[in-house]
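Each remark here refers to the structure printed beneath this line.
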Amino acid sequence: RKLDPYDRNSLIRWVIFIVISMAAAAFLWKPIMSLFGLKVTQSASSPGHDNRRRREQDSTSTSSRKKWMAWPKPHSMGGPLSKFSDLTYALQNSDLLALYFAASWCPMSTPVSLALDGAFGKNDVLLTHEGGARKTLSVVYVSSDKTPQEYYGYIHDRNWMAIPFESSQRSDIKRHFSTCAHRELEELGIDRKHEIPTIIVIDTRSQGIITTEGADDVDQLGEGALEHWKDIQKRVRRNEEVMLQKKNEIMTEAYYG
């Protein structure tokens with residue numbers, strides 16, 4: 001029988017069709033698989049091909065690992081204190097935040113207040129509302145005073161900052177840290193962990209607690225309390241970095257198997 005390429009039943013017609021189809025499939029295979037997000041498995045045709053593919057995989061793995069390690073620090077993600085706008089200035093402009101829970105009518109608060117004044121009252125490490133450069137420490141007074149007159153009289157001529165007496169965040173911060181005067185327990189409706197006077201020191205980067213024993217530190221160490229808090233802060237931050245690195249390694253290993 002004569003082989004006519006224009007004959008529908010011609011053998012050569014079907015051979016040509018199959019060859020063209022295979023060539024088109026080989027040419028379009030990668031784009032089609034990439035379009036659907038699928039990986040193309042290639043056979044190792046040569047040692048050079050294997051080495052090139054291995055280098056590409058290593059490069060991808062390294063790039064992804066760097067991406068994991070470049071995750072934002074805790075403070076840049078919005079910490080637990082970011083909801084308190086009255087603390088924003090102190091959190092953004094100091095390395096350590098000392099929340100001072102006290103009251104003018106509380107006799108136990110008086111020696112702690114005097115110790116704070118003696119340690120940091122005239123020290124340039126303390127952040128004030130006057131602005132300027134970033135400081136090492138900010139002291140923010142969280143008042144349990146009964147009246148505005150008591151409140152303003154107590155913070156007058158002091159370098160502390162303070163949560164405004166009229167601010168509802170004054171009560172919210174006490175609830176957050178479960179710290180208040182005994183007379184406020186019923187009003188706040190909390191199970192108290194710390195009574196007044198209490199100084200809770202915060203690492204402003206992670207917004208985590210450095211110590212709840214700040215009042216004792218100031219009483220016993222004076223201005224040396226700051227170095228003590230900075231030492232704790234360094235240890236805590238090192239632990240955070242180690243934990244973050246381990247987390248990233250685990251996630252990277254889980255991703256690449």
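A note on labels: chains of the structure tokens are A, B, ... as shown, every chain counts residues from 1, and ligands are counted from 1 in their shown order.
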9 Å contact set for stretch 135-140 of chain A, only C-alpha atoms, chain neighbours under 3 positions out, as a list in words: Leu87, Ala90, Leu91, Asn93, Ser94, Asp95, Leu96, Leu97, Ala98, Leu99, Tyr100, Phe101, Leu116, Asp124, Val125, Leu126, Leu127, Thr128, Gly132, Asn159, Trp160, Met161, Ala162, Ile163 and Leu226 of chain A
Would you write out those residues with N, CA and C atoms, as an mmCIF file, in the first residue's frame?
```cif
data_model
loop_
_atom_site.group_PDB
_atom_site.id
_atom_site.type_symbol
_atom_site.label_atom_id
_atom_site.label_comp_id
_atom_site.auth_asym_id
_atom_site.auth_seq_id
_atom_site.Cartn_x
_atom_site.Cartn_y
_atom_site.Cartn_z
ATOM 1 N N LEU A 87 2.069 53.502 78.150
ATOM 2 C CA LEU A 87 3.426 52.990 78.340
ATOM 3 C C LEU A 87 4.264 53.077 77.068
ATOM 4 N N ALA A 90 7.643 55.161 77.154
ATOM 5 C CA ALA A 90 8.691 54.512 77.949
ATOM 6 C C ALA A 90 9.223 53.271 77.255
ATOM 7 N N LEU A 91 8.347 52.472 76.665
ATOM 8 C CA LEU A 91 8.763 51.250 75.989
ATOM 9 C C LEU A 91 9.641 51.547 74.774
ATOM 10 N N ASN A 93 11.520 54.284 74.265
ATOM 11 C CA ASN A 93 12.659 55.178 74.479
ATOM 12 C C ASN A 93 13.570 54.786 75.633
ATOM 13 N N SER A 94 13.402 53.593 76.183
ATOM 14 C CA SER A 94 14.299 53.118 77.227
ATOM 15 C C SER A 94 14.528 51.618 77.067
ATOM 16 N N ASP A 95 15.623 51.130 77.629
ATOM 17 C CA ASP A 95 15.952 49.703 77.547
ATOM 18 C C ASP A 95 15.245 48.893 78.623
ATOM 19 N N LEU A 96 15.078 49.507 79.784
ATOM 20 C CA LEU A 96 14.404 48.859 80.905
ATOM 21 C C LEU A 96 13.296 49.768 81.412
ATOM 22 N N LEU A 97 12.162 49.162 81.730
ATOM 23 C CA LEU A 97 11.020 49.901 82.276
ATOM 24 C C LEU A 97 10.724 49.377 83.673
ATOM 25 N N ALA A 98 10.779 50.281 84.666
ATOM 26 C CA ALA A 98 10.456 49.927 86.038
ATOM 27 C C ALA A 98 9.070 50.462 86.381
ATOM 28 N N LEU A 99 8.101 49.563 86.503
ATOM 29 C CA LEU A 99 6.746 49.955 86.897
ATOM 30 C C LEU A 99 6.687 49.991 88.420
ATOM 31 N N TYR A 100 6.427 51.180 88.940
ATOM 32 C CA TYR A 100 6.425 51.370 90.398
ATOM 33 C C TYR A 100 4.989 51.476 90.894
ATOM 34 N N PHE A 101 4.508 50.417 91.534
ATOM 35 C CA PHE A 101 3.166 50.375 92.108
ATOM 36 C C PHE A 101 3.271 50.836 93.561
ATOM 37 N N LEU A 116 14.462 55.219 95.430
ATOM 38 C CA LEU A 116 14.433 55.506 93.988
ATOM 39 C C LEU A 116 15.000 56.893 93.701
ATOM 40 N N ASP A 124 21.503 60.613 84.928
ATOM 41 C CA ASP A 124 21.127 60.856 83.534
ATOM 42 C C ASP A 124 20.732 59.581 82.794
ATOM 43 N N VAL A 125 20.709 58.436 83.481
ATOM 44 C CA VAL A 125 20.247 57.206 82.830
ATOM 45 C C VAL A 125 18.732 57.166 82.772
ATOM 46 N N LEU A 126 18.059 58.040 83.521
ATOM 47 C CA LEU A 126 16.608 57.970 83.668
ATOM 48 C C LEU A 126 15.894 58.767 82.580
ATOM 49 N N LEU A 127 14.916 58.117 81.940
ATOM 50 C CA LEU A 127 14.095 58.770 80.917
ATOM 51 C C LEU A 127 13.071 59.680 81.585
ATOM 52 N N THR A 128 12.904 60.858 81.014
ATOM 53 C CA THR A 128 11.890 61.788 81.525
ATOM 54 C C THR A 128 11.002 62.233 80.366
ATOM 55 N N GLY A 132 14.472 63.864 74.337
ATOM 56 C CA GLY A 132 15.910 63.752 74.132
ATOM 57 C C GLY A 132 16.295 62.354 73.707
ATOM 58 N N ASN A 159 11.504 62.804 89.130
ATOM 59 C CA ASN A 159 11.836 62.547 87.731
ATOM 60 C C ASN A 159 11.129 61.318 87.165
ATOM 61 N N TRP A 160 10.243 60.729 87.951
ATOM 62 C CA TRP A 160 9.474 59.608 87.425
ATOM 63 C C TRP A 160 8.477 60.103 86.368
ATOM 64 N N MET A 161 8.115 59.190 85.514
ATOM 65 C CA MET A 161 6.911 59.394 84.714
ATOM 66 C C MET A 161 5.768 58.697 85.453
ATOM 67 N N ALA A 162 4.553 58.908 85.011
ATOM 68 C CA ALA A 162 3.414 58.341 85.746
ATOM 69 C C ALA A 162 2.241 58.098 84.811
ATOM 70 N N ILE A 163 1.497 57.044 85.089
ATOM 71 C CA ILE A 163 0.239 56.824 84.396
ATOM 72 C C ILE A 163 -0.737 57.892 84.904
ATOM 73 N N LEU A 226 20.523 48.990 88.945
ATOM 74 C CA LEU A 226 20.434 49.065 87.483
ATOM 75 C C LEU A 226 21.370 48.057 86.821
#
```
Which residues are close to A:His228, i.e. within 12 Å by only C-alpha atoms, leaving aside same-chain residues fewer than 2 positions away? Reply as an NGL selection string. :A and (96 or 201 or 210-211 or 213-214 or 216-218 or 220-226 or 230-235)
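Between atom CA of A:Thr110 and atom CA of A:Glu227 there is a distance of 23.3 Å.
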To test your reading of the structure, identify every residue in stretch 44-237 of chain A that backbone DSSP assigns to strand (DSSP E), and report it as a PyMOL selection string. chain A and resi 94-102+135-143+161-162+198-203+208-211
For A:His182, please output as a PyMOL selection string all residues within 9 Å (counting only C-alpha atoms; exclusion window: fewer than 6 positions along the same chain). chain A and resi 192+195-196
File dump, residues just selected, all heavy atoms, as a short mmCIF file (atom, residue, chain, number, x, y, z; two decimals), in the first residue's frame:
```cif
data_model
loop_
_atom_site.label_atom_id
_atom_site.label_comp_id
_atom_site.auth_asym_id
_atom_site.auth_seq_id
_atom_site.Cartn_x
_atom_site.Cartn_y
_atom_site.Cartn_z
N ARG A 192 -4.76 38.95 93.77
CA ARG A 192 -3.52 39.72 93.82
C ARG A 192 -2.29 38.83 93.99
O ARG A 192 -2.27 37.92 94.82
CB ARG A 192 -3.59 40.72 94.99
CG ARG A 192 -2.42 41.67 95.06
CD ARG A 192 -2.60 42.71 96.15
NE ARG A 192 -2.73 42.14 97.47
CZ ARG A 192 -2.73 42.83 98.61
NH1 ARG A 192 -2.64 44.15 98.55
NH2 ARG A 192 -2.87 42.24 99.77
N GLU A 195 1.54 43.02 96.39
CA GLU A 195 0.97 44.18 97.06
C GLU A 195 1.86 45.38 96.80
O GLU A 195 2.91 45.28 96.16
CB GLU A 195 0.86 43.92 98.57
CG GLU A 195 2.19 43.61 99.23
CD GLU A 195 2.04 43.24 100.69
OE1 GLU A 195 0.91 42.99 101.14
OE2 GLU A 195 3.08 43.22 101.39
N ILE A 196 1.44 46.54 97.29
CA ILE A 196 2.28 47.73 97.15
C ILE A 196 3.11 47.88 98.42
O ILE A 196 2.67 47.47 99.50
CB ILE A 196 1.43 49.00 96.86
CG1 ILE A 196 0.50 49.31 98.03
CG2 ILE A 196 0.65 48.83 95.58
CD1 ILE A 196 -0.17 50.67 97.93
#
```
Contacts of A:Ser109 within 10 Å, only C-alpha atoms, excl. fewer than 4 positions in-chain, as a list of chain:residue names: A:Tyr100, A:Phe101, A:Ala102, A:Ala103, A:Ser104, A:Trp105, A:Ser113, A:Leu114, A:Ala115, A:Ile196, A:Pro197, A:Thr198, A:Ala215
Would you write out those residues with N, CA and C atoms, as a short mmCIF file (atom, residue, chain, number, x, y, z; two decimals), in the first residue's frame?
```cif
data_model
loop_
_atom_site.label_atom_id
_atom_site.label_comp_id
_atom_site.auth_asym_id
_atom_site.auth_seq_id
_atom_site.Cartn_x
_atom_site.Cartn_y
_atom_site.Cartn_z
N TYR A 100 6.43 51.18 88.94
CA TYR A 100 6.42 51.37 90.40
C TYR A 100 4.99 51.48 90.89
N PHE A 101 4.51 50.42 91.53
CA PHE A 101 3.17 50.38 92.11
C PHE A 101 3.27 50.84 93.56
N ALA A 102 2.65 51.97 93.86
CA ALA A 102 2.78 52.53 95.21
C ALA A 102 1.66 53.54 95.45
N ALA A 103 1.69 54.17 96.64
CA ALA A 103 0.69 55.19 96.98
C ALA A 103 1.27 56.12 98.02
N SER A 104 0.84 57.37 97.98
CA SER A 104 1.34 58.37 98.92
C SER A 104 0.92 58.05 100.35
N TRP A 105 -0.25 57.42 100.54
CA TRP A 105 -0.76 57.13 101.87
C TRP A 105 -0.15 55.86 102.47
N SER A 113 10.31 54.95 97.72
CA SER A 113 10.34 56.17 96.91
C SER A 113 11.61 56.96 97.17
N LEU A 114 12.01 57.05 98.42
CA LEU A 114 13.24 57.76 98.75
C LEU A 114 14.46 57.04 98.17
N ALA A 115 14.43 55.71 98.18
CA ALA A 115 15.53 54.95 97.60
C ALA A 115 15.61 55.16 96.09
N ILE A 196 1.44 46.54 97.29
CA ILE A 196 2.28 47.73 97.15
C ILE A 196 3.11 47.88 98.42
N PRO A 197 4.32 48.44 98.30
CA PRO A 197 4.99 48.89 97.08
C PRO A 197 5.66 47.73 96.33
N THR A 198 5.59 47.76 95.02
CA THR A 198 6.24 46.75 94.17
C THR A 198 6.83 47.45 92.96
N ALA A 215 11.85 46.53 94.10
CA ALA A 215 11.85 47.37 95.31
C ALA A 215 12.96 46.94 96.26
#
```
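When only C-alpha atoms are used to compute distances to A:Ser171, the closest of the residues A:Glu130, A:Asp219, A:Asp86, A:Glu150 turns out to be A:Asp86.
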